[in-house]
file entry-v1.txt (compact mmCIF, C-alpha atoms)
# COMPACT_ATOMS: atom_id res chain seq x y z
CA MET A 1 104.93 112.42 172.11
CA ALA A 2 105.44 116.14 171.85
CA SER A 3 108.62 116.07 173.85
CA GLU A 4 109.84 113.11 171.85
CA ALA A 5 109.17 114.83 168.56
CA LYS A 6 110.90 117.90 169.85
CA ALA A 7 113.84 115.82 170.97
CA ALA A 8 114.03 114.13 167.59
CA GLU A 9 113.90 117.42 165.79
CA SER A 10 116.45 119.05 167.96
CA ALA A 11 118.66 116.03 167.41
CA SER A 12 118.51 116.01 163.62
CA GLY A 13 115.46 117.66 162.17
CA LEU A 14 114.99 114.69 159.87
CA PRO A 15 112.98 111.64 161.01
CA GLN A 16 115.29 109.66 158.70
CA LEU A 17 118.24 110.50 160.95
CA ASP A 18 116.44 109.68 164.20
CA PHE A 19 118.64 106.77 165.20
CA SER A 20 116.28 105.69 167.99
CA THR A 21 113.93 104.20 165.40
CA PHE A 22 116.60 102.38 163.38
CA GLY A 23 116.41 99.19 165.41
CA ASN A 24 112.67 99.00 164.92
CA GLN A 25 112.87 99.62 161.18
CA ILE A 26 115.69 97.16 160.62
CA PHE A 27 113.95 94.47 162.67
CA TRP A 28 110.69 94.75 160.77
CA LEU A 29 112.50 95.02 157.44
CA ALA A 30 114.32 91.79 158.21
CA VAL A 31 111.04 90.09 159.12
CA ALA A 32 109.36 91.39 155.96
CA LEU A 33 112.24 90.35 153.70
CA VAL A 34 112.52 86.86 155.17
CA VAL A 35 108.77 86.28 154.90
CA LEU A 36 108.70 87.67 151.37
CA TYR A 37 111.71 85.59 150.36
CA PHE A 38 110.05 82.40 151.54
CA ILE A 39 106.75 83.29 149.90
CA LEU A 40 108.50 83.95 146.61
CA SER A 41 111.01 81.12 146.58
CA ARG A 42 108.66 78.45 147.97
CA ILE A 43 105.30 79.31 146.40
CA ALA A 44 105.12 82.14 143.92
CA LEU A 45 108.17 81.69 141.68
CA PRO A 46 107.97 77.88 141.26
CA ARG A 47 104.27 78.22 140.50
CA ILE A 48 104.76 80.94 137.89
CA ALA A 49 107.68 79.01 136.38
CA ALA A 50 105.46 75.90 136.16
CA VAL A 51 102.64 77.88 134.57
CA LEU A 52 105.00 79.40 132.01
CA ALA A 53 106.59 76.02 131.24
CA GLU A 54 103.18 74.42 130.90
CA ARG A 55 102.09 77.17 128.52
CA GLN A 56 105.26 76.72 126.49
CA GLY A 57 104.58 72.99 126.36
CA THR A 58 101.01 73.55 125.25
CA ILE A 59 102.14 75.94 122.53
CA THR A 60 104.79 73.50 121.31
CA ASN A 61 102.27 70.64 121.28
CA ASP A 62 99.71 72.72 119.46
CA LEU A 63 102.27 73.74 116.86
CA ALA A 64 103.29 70.11 116.35
CA ALA A 65 99.64 69.08 116.07
CA ALA A 66 99.02 71.86 113.56
CA GLU A 67 102.03 70.75 111.55
CA GLU A 68 100.78 67.16 111.56
CA MET A 69 97.32 68.30 110.50
CA ARG A 70 98.82 70.22 107.62
CA THR A 71 100.83 67.21 106.51
CA ARG A 72 97.70 65.10 106.64
CA ALA A 73 95.75 67.66 104.67
CA THR A 74 98.48 67.72 102.02
CA GLU A 75 98.43 63.94 101.90
CA ALA A 76 94.67 63.92 101.56
CA GLU A 77 94.90 66.42 98.74
CA GLU A 78 97.50 64.26 96.99
CA ALA A 79 95.30 61.19 97.40
CA TYR A 80 92.31 63.10 96.08
CA LYS A 81 94.25 64.31 93.05
CA LYS A 82 95.50 60.80 92.36
CA ALA A 83 92.01 59.36 92.71
CA LEU A 84 90.69 62.00 90.36
CA ALA A 85 93.38 61.24 87.76
CA ASP A 86 92.72 57.49 88.10
CA ALA A 87 89.01 58.02 87.71
CA LYS A 88 89.58 60.14 84.62
CA ALA A 89 91.85 57.50 83.09
CA GLU A 90 89.33 54.79 83.94
CA ALA A 91 86.55 56.81 82.39
CA GLN A 92 88.61 57.34 79.23
CA LYS A 93 89.27 53.61 79.05
CA ILE A 94 85.61 52.76 79.54
CA ILE A 95 84.64 55.29 76.89
CA ALA A 96 87.12 53.80 74.41
CA GLU A 97 85.98 50.26 75.18
CA THR A 98 82.34 51.17 74.88
CA LYS A 99 83.00 52.97 71.63
CA ALA A 100 84.78 49.93 70.23
CA ALA A 101 82.01 47.61 71.39
CA ILE A 102 79.35 49.83 69.89
CA ARG A 103 81.25 50.10 66.62
CA GLN A 104 81.62 46.31 66.48
CA GLU A 105 77.95 45.82 67.21
CA LEU A 106 77.05 48.44 64.65
CA ASP A 107 79.25 46.82 62.02
CA ARG A 108 77.77 43.43 62.73
CA ALA A 109 74.24 44.83 62.55
CA ASN A 110 75.08 46.65 59.34
CA ALA A 111 76.42 43.45 57.79
CA GLU A 112 73.35 41.53 58.88
CA ALA A 113 71.08 44.19 57.53
CA ASP A 114 73.01 44.23 54.27
CA ALA A 115 72.68 40.46 53.96
CA GLU A 116 68.97 40.61 54.76
CA ILE A 117 68.47 43.37 52.25
CA LYS A 118 70.33 41.35 49.63
CA ALA A 119 68.24 38.27 50.37
CA ARG A 120 65.00 40.27 50.26
CA THR A 121 66.04 41.93 47.02
CA ALA A 122 66.77 38.55 45.42
CA GLU A 123 63.45 37.21 46.68
CA GLY A 124 61.63 40.24 45.35
CA GLU A 125 63.31 40.01 42.00
CA LYS A 126 62.38 36.37 41.81
CA GLN A 127 58.79 37.17 42.67
CA ILE A 128 58.71 40.01 40.18
CA ALA A 129 60.01 37.62 37.52
CA GLU A 130 57.38 35.08 38.45
CA ILE A 131 54.67 37.73 38.46
CA ARG A 132 55.90 38.99 35.11
CA ALA A 133 55.85 35.45 33.67
CA GLY A 134 52.43 34.88 35.19
CA ALA A 135 51.18 38.14 33.74
CA LEU A 136 52.41 37.23 30.21
CA ASP A 137 50.48 33.95 30.26
CA ALA A 138 47.39 35.72 31.56
CA VAL A 139 47.68 38.32 28.82
CA LYS A 140 48.02 35.56 26.29
CA ALA A 141 44.96 33.79 27.63
CA VAL A 142 42.94 37.01 27.76
CA ALA A 143 44.09 37.94 24.22
CA ALA A 144 43.12 34.51 22.95
CA ASP A 145 39.76 34.74 24.71
CA VAL A 146 39.15 38.24 23.37
CA ALA A 147 40.22 37.15 19.84
CA GLY A 148 37.99 34.07 20.03
CA GLU A 149 35.05 36.20 21.18
CA LEU A 150 35.75 38.72 18.39
CA VAL A 151 35.83 35.94 15.83
CA ALA A 152 32.58 34.51 17.24
CA ALA A 153 31.04 37.97 17.17
CA MET A 154 31.91 38.20 13.51
CA GLY A 155 29.88 35.08 13.00
CA GLN A 156 32.46 32.52 12.50
CA LYS A 157 33.48 29.56 14.51
CA PRO A 158 36.78 30.32 16.25
CA ASP A 159 39.53 27.86 15.72
CA GLY A 160 41.50 27.63 19.00
CA ARG A 161 44.80 26.75 17.51
CA SER A 162 44.93 29.42 14.93
CA VAL A 163 43.79 32.02 17.43
CA ASN A 164 46.60 31.09 19.81
CA ALA A 165 49.09 31.13 16.97
CA ALA A 166 47.94 34.56 15.92
CA VAL A 167 48.12 35.88 19.50
CA ASN A 168 51.63 34.48 19.96
CA ALA A 169 52.65 35.97 16.64
CA ARG A 170 51.31 39.40 17.68
CA MET A 171 52.85 39.20 21.14
CA LYS A 172 56.23 38.59 19.68
CA GLY A 173 55.78 41.33 17.16
CA MET B 1 104.71 121.52 168.71
CA ALA B 2 107.61 123.65 167.61
CA THR B 3 106.70 123.41 163.92
CA GLU B 4 103.06 124.17 164.64
CA ALA B 5 104.04 127.33 166.47
CA GLN B 6 106.27 128.26 163.57
CA GLY B 7 103.46 127.56 161.13
CA SER B 8 100.98 129.84 162.89
CA GLU B 9 103.55 132.59 162.90
CA GLY B 10 103.97 132.22 159.13
CA GLY B 11 100.52 133.52 158.17
CA GLY B 12 98.44 130.46 159.13
CA LEU B 13 99.97 128.06 156.59
CA VAL B 14 101.08 124.80 158.19
CA PHE B 15 104.32 123.31 156.92
CA HIS B 16 105.08 119.78 158.09
CA PRO B 17 106.77 118.27 155.03
CA MET B 18 108.81 115.85 157.14
CA ASP B 19 106.11 114.72 159.56
CA GLN B 20 105.00 112.04 157.10
CA PHE B 21 108.33 110.28 157.63
CA MET B 22 108.02 110.02 161.42
CA VAL B 23 108.10 106.54 162.84
CA LYS B 24 105.21 106.23 165.29
CA PRO B 25 103.82 103.34 167.31
CA LEU B 26 100.55 102.00 165.91
CA PHE B 27 98.98 101.75 169.38
CA GLY B 28 99.49 104.31 172.11
CA ASP B 29 102.12 106.99 172.38
CA GLY B 30 104.97 105.03 173.92
CA ALA B 31 108.58 105.02 172.87
CA VAL B 32 109.63 103.16 169.72
CA GLY B 33 111.44 100.03 170.83
CA MET B 34 112.90 97.40 168.58
CA PHE B 35 109.82 95.18 168.48
CA THR B 36 107.14 97.88 168.77
CA LEU B 37 104.39 97.63 166.17
CA THR B 38 104.85 100.87 164.26
CA ASN B 39 103.70 102.38 160.99
CA VAL B 40 106.87 100.84 159.57
CA THR B 41 105.52 97.41 160.51
CA LEU B 42 102.13 98.19 159.02
CA TRP B 43 103.39 99.38 155.63
CA MET B 44 106.00 96.65 155.32
CA VAL B 45 103.35 94.04 156.07
CA LEU B 46 101.14 95.69 153.47
CA ALA B 47 103.96 95.52 150.91
CA VAL B 48 104.44 91.81 151.65
CA ALA B 49 100.67 91.27 151.53
CA ALA B 50 100.40 93.08 148.20
CA THR B 51 103.20 90.96 146.75
CA PHE B 52 101.50 87.85 148.11
CA ALA B 53 98.19 88.94 146.56
CA LEU B 54 99.76 89.56 143.17
CA LEU B 55 102.17 86.65 142.88
CA VAL B 56 100.40 83.96 144.89
CA LEU B 57 96.67 84.71 144.92
CA GLY B 58 96.85 86.16 141.40
CA THR B 59 98.32 82.95 140.00
CA SER B 60 96.27 80.50 142.08
CA LYS B 61 94.20 79.43 139.08
CA ARG B 62 97.32 78.56 137.05
CA GLU B 63 95.57 79.45 133.83
CA ILE B 64 97.11 78.57 130.47
CA VAL B 65 95.53 81.72 129.09
CA PRO B 66 96.18 84.15 131.96
CA GLY B 67 93.71 86.65 133.35
CA ARG B 68 94.64 90.22 134.20
CA THR B 69 96.24 89.65 137.61
CA GLN B 70 98.11 86.56 136.47
CA SER B 71 99.37 88.46 133.41
CA VAL B 72 100.82 91.16 135.64
CA ALA B 73 102.40 88.55 137.91
CA GLU B 74 103.96 86.79 134.91
CA LEU B 75 105.08 90.14 133.53
CA ALA B 76 106.88 90.94 136.79
CA TYR B 77 108.43 87.46 136.85
CA ASP B 78 109.63 87.69 133.25
CA PHE B 79 110.84 91.25 133.73
CA ILE B 80 113.13 90.44 136.65
CA ARG B 81 114.17 87.04 135.35
CA LYS B 82 115.21 88.54 132.04
CA MET B 83 117.03 91.34 133.83
CA VAL B 84 118.99 88.85 135.96
CA GLU B 85 119.77 86.72 132.91
CA ASP B 86 120.73 89.59 130.60
CA VAL B 87 122.64 91.75 133.06
CA ALA B 88 124.17 89.29 135.52
CA GLY B 89 124.36 86.23 133.28
CA LYS B 90 122.81 82.77 133.30
CA ASP B 91 124.86 81.60 136.29
CA ALA B 92 123.20 84.33 138.37
CA LEU B 93 119.81 82.60 138.13
CA PRO B 94 120.13 80.98 141.58
CA PHE B 95 119.97 84.56 142.92
CA PHE B 96 116.76 85.26 141.04
CA PRO B 97 114.41 84.70 144.05
CA TYR B 98 116.61 87.00 146.14
CA ILE B 99 116.58 89.77 143.52
CA MET B 100 112.86 89.27 142.90
CA THR B 101 112.30 89.70 146.65
CA LEU B 102 114.20 92.99 146.64
CA PHE B 103 112.36 94.27 143.57
CA MET B 104 108.86 93.32 144.69
CA PHE B 105 109.43 94.73 148.17
CA ILE B 106 110.80 98.05 146.91
CA VAL B 107 108.28 98.50 144.12
CA PHE B 108 105.32 97.83 146.42
CA ALA B 109 106.77 99.92 149.25
CA ASN B 110 107.24 102.80 146.80
CA PHE B 111 103.76 102.56 145.30
CA LEU B 112 101.98 102.02 148.63
CA GLY B 113 103.83 105.07 149.90
CA LEU B 114 102.14 107.14 147.22
CA LEU B 115 98.72 106.55 148.78
CA PRO B 116 97.51 109.58 150.73
CA MET B 117 98.33 109.32 154.47
CA ALA B 118 100.66 106.40 153.75
CA PHE B 119 104.08 105.86 155.24
CA THR B 120 106.88 105.27 152.73
CA THR B 121 109.20 102.69 154.25
CA THR B 122 111.74 103.07 151.43
CA SER B 123 112.15 106.77 152.18
CA HIS B 124 114.13 105.82 155.29
CA ILE B 125 117.86 105.48 155.01
CA ALA B 126 117.78 102.78 157.69
CA VAL B 127 115.71 100.58 155.39
CA THR B 128 117.53 101.27 152.15
CA ALA B 129 120.91 101.01 153.83
CA VAL B 130 120.04 97.52 155.04
CA LEU B 131 118.85 96.58 151.55
CA ALA B 132 122.03 97.98 150.00
CA MET B 133 124.27 96.35 152.61
CA LEU B 134 122.54 93.02 151.99
CA VAL B 135 123.45 93.34 148.32
CA PHE B 136 126.98 94.52 149.10
CA VAL B 137 127.67 91.69 151.51
CA THR B 138 126.10 89.09 149.22
CA VAL B 139 128.08 90.28 146.22
CA THR B 140 131.37 90.42 148.14
CA VAL B 141 130.88 86.99 149.69
CA VAL B 142 129.85 85.44 146.37
CA GLY B 143 132.85 87.04 144.70
CA PHE B 144 135.34 85.62 147.18
CA VAL B 145 133.63 82.21 147.38
CA ARG B 146 133.58 81.82 143.61
CA HIS B 147 136.98 83.25 142.79
CA GLY B 148 138.94 83.37 146.04
CA VAL B 149 141.69 85.97 145.90
CA GLY B 150 141.08 86.18 142.15
CA PHE B 151 138.09 88.33 142.96
CA LEU B 152 140.54 91.14 143.70
CA SER B 153 141.32 91.27 139.97
CA LEU B 154 138.09 93.26 139.81
CA PHE B 155 140.19 96.17 141.09
CA TRP B 156 143.19 95.49 138.88
CA VAL B 157 142.35 96.99 135.50
CA SER B 158 144.50 94.84 133.24
CA SER B 159 143.59 96.79 130.13
CA ALA B 160 145.17 99.99 131.52
CA PRO B 161 148.90 100.84 131.22
CA LEU B 162 150.92 99.30 134.05
CA PRO B 163 151.94 102.55 135.84
CA LEU B 164 148.33 103.63 136.03
CA ARG B 165 147.06 100.39 137.49
CA PRO B 166 147.79 101.05 141.19
CA VAL B 167 146.08 104.42 140.94
CA LEU B 168 143.11 102.89 139.17
CA ALA B 169 143.04 100.09 141.74
CA LEU B 170 142.74 102.66 144.52
CA ILE B 171 139.90 104.42 142.68
CA GLU B 172 138.19 101.09 142.01
CA VAL B 173 138.41 100.06 145.66
CA ILE B 174 136.97 103.39 146.79
CA SER B 175 134.16 103.19 144.24
CA TYR B 176 133.46 99.62 145.33
CA PHE B 177 132.95 100.70 148.93
CA VAL B 178 130.95 103.77 147.92
CA ARG B 179 128.50 101.52 146.04
CA PRO B 180 126.25 100.65 149.01
CA VAL B 181 126.16 104.31 150.02
CA SER B 182 124.99 105.56 146.62
CA HIS B 183 122.82 102.49 146.23
CA SER B 184 120.87 103.25 149.41
CA ILE B 185 120.87 107.05 149.35
CA ARG B 186 119.65 107.12 145.74
CA LEU B 187 116.49 105.22 146.68
CA ALA B 188 115.77 106.90 150.01
CA GLY B 189 116.64 110.35 148.68
CA ASN B 190 114.35 110.05 145.66
CA MET B 191 111.46 108.82 147.76
CA MET B 192 111.91 111.39 150.49
CA ALA B 193 112.42 114.38 148.19
CA GLY B 194 109.38 113.72 146.04
CA HIS B 195 107.07 113.13 148.98
CA ALA B 196 108.38 116.20 150.78
CA VAL B 197 107.84 118.40 147.71
CA VAL B 198 104.25 117.15 147.40
CA LYS B 199 103.70 118.02 151.05
CA VAL B 200 105.19 121.52 150.60
CA PHE B 201 102.85 122.25 147.71
CA ALA B 202 99.99 120.76 149.72
CA ALA B 203 100.73 123.27 152.47
CA PHE B 204 100.32 126.13 149.99
CA ALA B 205 97.02 124.76 148.64
CA PRO B 206 94.70 126.19 151.38
CA MET B 207 96.04 129.72 150.76
CA ILE B 208 92.70 130.78 149.26
CA ALA B 209 91.03 130.28 152.65
CA LEU B 210 93.42 132.80 154.21
CA SER B 211 93.64 135.47 151.57
CA LEU B 212 91.43 135.53 148.48
CA GLY B 213 93.67 137.88 146.52
CA VAL B 214 96.83 135.79 146.74
CA GLY B 215 95.06 132.48 147.06
CA ILE B 216 93.18 132.77 143.77
CA LEU B 217 96.53 132.41 142.05
CA VAL B 218 98.47 130.28 144.50
CA THR B 219 95.85 127.59 145.23
CA PRO B 220 95.24 126.43 141.63
CA LEU B 221 98.95 126.59 140.94
CA SER B 222 99.83 124.46 143.94
CA ILE B 223 97.11 121.93 143.12
CA LEU B 224 98.47 121.74 139.58
CA ALA B 225 101.97 121.33 140.99
CA ILE B 226 100.84 118.54 143.35
CA THR B 227 99.28 116.72 140.39
CA ALA B 228 102.40 117.09 138.28
CA ILE B 229 104.79 116.05 141.06
CA TYR B 230 102.53 113.14 141.96
CA ALA B 231 102.62 111.92 138.34
CA LEU B 232 106.38 112.23 138.39
CA GLU B 233 106.49 110.33 141.69
CA VAL B 234 104.52 107.46 140.16
CA LEU B 235 107.22 107.25 137.52
CA VAL B 236 110.00 107.59 140.10
CA ALA B 237 108.45 104.88 142.30
CA PHE B 238 108.89 102.36 139.52
CA ILE B 239 112.16 103.69 138.14
CA GLN B 240 113.90 103.67 141.52
CA ALA B 241 112.84 100.07 142.17
CA TYR B 242 114.10 99.23 138.68
CA VAL B 243 117.38 101.07 139.20
CA PHE B 244 117.98 99.42 142.56
CA THR B 245 117.36 95.99 141.06
CA ILE B 246 119.42 96.47 137.91
CA LEU B 247 122.34 97.82 139.96
CA THR B 248 122.09 94.72 142.13
CA CYS B 249 122.36 92.66 138.95
CA VAL B 250 125.35 94.69 137.76
CA TYR B 251 127.15 94.19 141.10
CA LEU B 252 126.32 90.51 140.98
CA ARG B 253 127.82 90.25 137.51
CA ASP B 254 131.02 91.82 138.85
CA ALA B 255 131.11 89.18 141.56
CA LEU B 256 130.50 86.29 139.14
CA HIS B 257 132.77 87.62 136.38
CA PRO B 258 135.34 89.92 138.03
CA HIS B 259 137.73 89.95 135.08
CA HIS B 260 137.25 93.05 132.99
call {"tool": "encode", "arguments": {"input": "entry-v1.txt", "output": "structure tokens"}}
result
Amino acid sequence: MASEAKAAESASGLPQLDFSTFGNQIFWLAVALVVLYFILSRIALPRIAAVLAERQGTITNDLAAAEEMRTRATEAEEAYKKALADAKAEAQKIIAETKAAIRQELDRANAEADAEIKARTAEGEKQIAEIRAGALDAVKAVAADVAGELVAAMGQKPDGRSVNAAVNARMKG
Amino acid sequence: MATEAQGSEGGGLVFHPMDQFMVKPLFGDGAVGMFTLTNVTLWMVLAVAATFALLVLGTSKREIVPGRTQSVAELAYDFIRKMVEDVAGKDALPFFPYIMTLFMFIVFANFLGLLPMAFTTTSHIAVTAVLAMLVFVTVTVVGFVRHGVGFLSLFWVSSAPLPLRPVLALIEVISYFVRPVSHSIRLAGNMMAGHAVVKVFAAFAPMIALSLGVGILVTPLSILAITAIYALEVLVAFIQAYVFTILTCVYLRDALHPHH
């Protein structure tokens, strides 16, 4: 070892220029490079390329899916807006219809009530007239009775016909 | 032995900044033959194992939402794939596993080399020269296979004035052949220099045990320096792997599209 090192140093001084080791280094370098090349080209690089491609595919798919989702969301929003507008229009229509129906019903009821009131009024007036007529006769009878009694109280015999005539004459006056 | 003797002469400080780069057998003290299991073997196997752990074990769950290890693995994958695509062009993608191999090996060799007591395989010119020559040969072969003689138009700068073109062609040819040299020495040199500097400062660190007066100043300073250089080396470990890989992509682009 010592003599070898000395020989190497005396030959060059630099281990890099010790040509006796070149064969060894080149041989092992060749082995290492060949092994490494096969590891890389057969296993590592295809695998990494596949992983990267798969990731790219996943990203593309996800983007497409997201785009589709967005389209669907927009569609759903459109549908919702349309439904809302339809519902509003429908509600307006129902309100108008109901209003018209109620007005019609109200008018009919009003007319009926008016007719009823008119009929009742006529009936009432008729009754009042009857009552009034009835009352006049009763007054006449009472007046005749009272006059007869007064005449009797004065000691005279009341004459029915003349009493009635007098009452009628007074009533008219 | 010689360095130790020198060290004891120099006031008790032991300087062995280059010992960390020595190739030694893992078992016994025998000579280093071609197939001997050495520290080179160990740290290269560790680099391969670390890459395997990150890129294969780390992604074994194949999660859609990745965990930490898988994120790092995907980051490395995307980083190199993008580099190949952007720098060398889409038609360079068949070379992606090859370039990924180079990058993962260098980056893990560099980082594992930063562990204390580790051996940095990429600090050896023998290793980086082979890596650079692999790239050089690949690029040249691809260039001629794809374009035939037309590949030589790489050296014929058609945008330059005609009299200048032969001169430029000569310069281009020289620079083309210098490429693997700079490509390999850049990596090995960076790795070796940084590690050696750390070791030099480390040798100064025990000064306080020898002489309190000098050591009280030198020891904290050298520890500070080790920390700073180490931080720089972490950066360099990644940057050199990156530079090596991106230059590979640039050379590959030249081979695929030689017309300026």
call {"tool": "interface_residues", "arguments": {"input": "entry-v1.txt", "of": "chain A", "to": "chain B", "cutoff": "6 Å", "atoms": "all atoms listed in the file", "output": "MDAnalysis selection string"}}
result
chainID A and resid 15:16 22:24 28 36:37 41 44 51 55
call {"tool": "atom_distance", "arguments": {"input": "entry-v1.txt", "atom1": "CA of Val197 (chain B)", "atom2": "CA of Tyr242 (chain B)"}}
result
22.1 Å
call {"tool": "closest_residue", "arguments": {"input": "entry-v1.txt", "among": "B:Ala132, B:Leu217, B:Ala109, B:Leu210", "to": "Thr245 (chain B)", "atoms": "all atoms listed in the file"}}
result
B:Ala132
call {"tool": "residues_near_point", "arguments": {"input": "entry-v1.txt", "point": "(102.9, 116.7, 139.8)", "cutoff": "12 Å", "atoms": "only C-alpha atoms", "output": "PDB file with C-alpha atoms, keeping the file's coordinate frame"}}
result
ATOM      1  CA  GLY B 194     109.380 113.720 146.040  1.00  0.00           C
ATOM      2  CA  HIS B 195     107.070 113.130 148.980  1.00  0.00           C
ATOM      3  CA  VAL B 197     107.840 118.400 147.710  1.00  0.00           C
ATOM      4  CA  VAL B 198     104.250 117.150 147.400  1.00  0.00           C
ATOM      5  CA  LYS B 199     103.700 118.020 151.050  1.00  0.00           C
ATOM      6  CA  PHE B 201     102.850 122.250 147.710  1.00  0.00           C
ATOM      7  CA  ALA B 202      99.990 120.760 149.720  1.00  0.00           C
ATOM      8  CA  LEU B 221      98.950 126.590 140.940  1.00  0.00           C
ATOM      9  CA  SER B 222      99.830 124.460 143.940  1.00  0.00           C
ATOM     10  CA  ILE B 223      97.110 121.930 143.120  1.00  0.00           C
ATOM     11  CA  LEU B 224      98.470 121.740 139.580  1.00  0.00           C
ATOM     12  CA  ALA B 225     101.970 121.330 140.990  1.00  0.00           C
ATOM     13  CA  ILE B 226     100.840 118.540 143.350  1.00  0.00           C
ATOM     14  CA  THR B 227      99.280 116.720 140.390  1.00  0.00           C
ATOM     15  CA  ALA B 228     102.400 117.090 138.280  1.00  0.00           C
ATOM     16  CA  ILE B 229     104.790 116.050 141.060  1.00  0.00           C
ATOM     17  CA  TYR B 230     102.530 113.140 141.960  1.00  0.00           C
ATOM     18  CA  ALA B 231     102.620 111.920 138.340  1.00  0.00           C
ATOM     19  CA  LEU B 232     106.380 112.230 138.390  1.00  0.00           C
ATOM     20  CA  GLU B 233     106.490 110.330 141.690  1.00  0.00           C
ATOM     21  CA  VAL B 234     104.520 107.460 140.160  1.00  0.00           C
ATOM     22  CA  LEU B 235     107.220 107.250 137.520  1.00  0.00           C
ATOM     23  CA  VAL B 236     110.000 107.590 140.100  1.00  0.00           C
TER      24      VAL B 236
END
call {"tool": "atom_distance", "arguments": {"input": "entry-v1.txt", "atom1": "CA of Ala66 (chain A)", "atom2": "CA of Tyr80 (chain A)"}}
result
20.7 Å
call {"tool": "atom_distance", "arguments": {"input": "entry-v1.txt", "atom1": "CA of Ala147 (chain A)", "atom2": "CA of Val163 (chain A)"}}
result
6.7 Å
call {"tool": "residues_around", "arguments": {"input": "entry-v1.txt", "residues": "Phe151 (chain B)", "least_positions_apart": "3", "cutoff": "12 Å", "atoms": "all atoms listed in the file", "output": "short mmCIF file (atom, residue, chain, number, x, y, z; two decimals) with C-alpha atoms, in the coordinates of the input"}}
result
data_model
loop_
_atom_site.label_atom_id
_atom_site.label_comp_id
_atom_site.auth_asym_id
_atom_site.auth_seq_id
_atom_site.Cartn_x
_atom_site.Cartn_y
_atom_site.Cartn_z
CA VAL B 139 128.08 90.28 146.22
CA THR B 140 131.37 90.42 148.14
CA VAL B 141 130.88 86.99 149.69
CA VAL B 142 129.85 85.44 146.37
CA GLY B 143 132.85 87.04 144.70
CA PHE B 144 135.34 85.62 147.18
CA VAL B 145 133.63 82.21 147.38
CA ARG B 146 133.58 81.82 143.61
CA HIS B 147 136.98 83.25 142.79
CA GLY B 148 138.94 83.37 146.04
CA LEU B 154 138.09 93.26 139.81
CA PHE B 155 140.19 96.17 141.09
CA TRP B 156 143.19 95.49 138.88
CA ARG B 253 127.82 90.25 137.51
CA ASP B 254 131.02 91.82 138.85
CA ALA B 255 131.11 89.18 141.56
CA LEU B 256 130.50 86.29 139.14
CA HIS B 257 132.77 87.62 136.38
CA PRO B 258 135.34 89.92 138.03
CA HIS B 259 137.73 89.95 135.08
CA HIS B 260 137.25 93.05 132.99
#
call {"tool": "axis_aligned_box", "arguments": {"input": "entry-v1.txt", "around": "region 94-106 of chain A", "padding_each_side": "4 Å", "output": "AutoDock Vina command-line options"}}
result
--center_x 82.1 --center_y 50.6 --center_z 72.1 --size_x 18.1 --size_y 17.5 --size_z 22.9
call {"tool": "closest_residue", "arguments": {"input": "entry-v1.txt", "among": "B:Ala193, B:Val200, B:Val157, B:Leu247", "to": "Phe15 (chain B)", "atoms": "only C-alpha atoms"}}
result
B:Val200
call {"tool": "residues_around", "arguments": {"input": "entry-v1.txt", "residues": "region 129-145 of chain A", "least_positions_apart": "6", "cutoff": "9 Å", "atoms": "all atoms listed in the file", "output": "VMD selection string"}}
result
chain A and resid 160 163 to 164 166 to 168 171
call {"tool": "residues_around", "arguments": {"input": "entry-v1.txt", "residues": "Lys157 (chain A)", "least_positions_apart": "6", "cutoff": "10 Å", "atoms": "all atoms listed in the file", "output": "short mmCIF file (atom, residue, chain, number, x, y, z; two decimals) with C-alpha atoms, keeping the file's coordinate frame"}}
result
data_model
loop_
_atom_site.label_atom_id
_atom_site.label_comp_id
_atom_site.auth_asym_id
_atom_site.auth_seq_id
_atom_site.Cartn_x
_atom_site.Cartn_y
_atom_site.Cartn_z
CA GLY A 148 37.99 34.07 20.03
CA GLU A 149 35.05 36.20 21.18
CA VAL A 151 35.83 35.94 15.83
#
call {"tool": "decode", "arguments": {"input": "entry-v1.txt", "residues": "region 110-131 of chain A", "atoms": "C-alpha atoms", "output": "compact mmCIF listing (two decimals), in the first residue's frame"}}
result
# COMPACT_ATOMS: atom_id res chain seq x y z
CA ASN A 110 -126.55 43.70 -3.32
CA ALA A 111 -129.30 43.40 -5.91
CA GLU A 112 -131.04 40.71 -3.89
CA ALA A 113 -130.77 42.75 -0.76
CA ASP A 114 -132.11 45.79 -2.58
CA ALA A 115 -135.07 43.80 -3.87
CA GLU A 116 -135.74 42.37 -0.41
CA ILE A 117 -135.52 45.80 1.13
CA LYS A 118 -137.93 47.15 -1.47
CA ALA A 119 -140.37 44.30 -0.84
CA ARG A 120 -140.13 44.75 2.93
CA THR A 121 -140.62 48.49 2.60
CA ALA A 122 -143.74 47.99 0.49
CA GLU A 123 -145.05 45.43 2.97
CA GLY A 124 -144.36 47.77 5.85
CA GLU A 125 -146.01 50.67 4.15
CA LYS A 126 -149.02 48.51 3.46
CA GLN A 127 -149.16 47.44 7.09
CA ILE A 128 -148.72 50.99 8.28
CA ALA A 129 -151.61 52.03 6.03
CA GLU A 130 -153.73 49.22 7.38
CA ILE A 131 -152.78 50.07 10.95
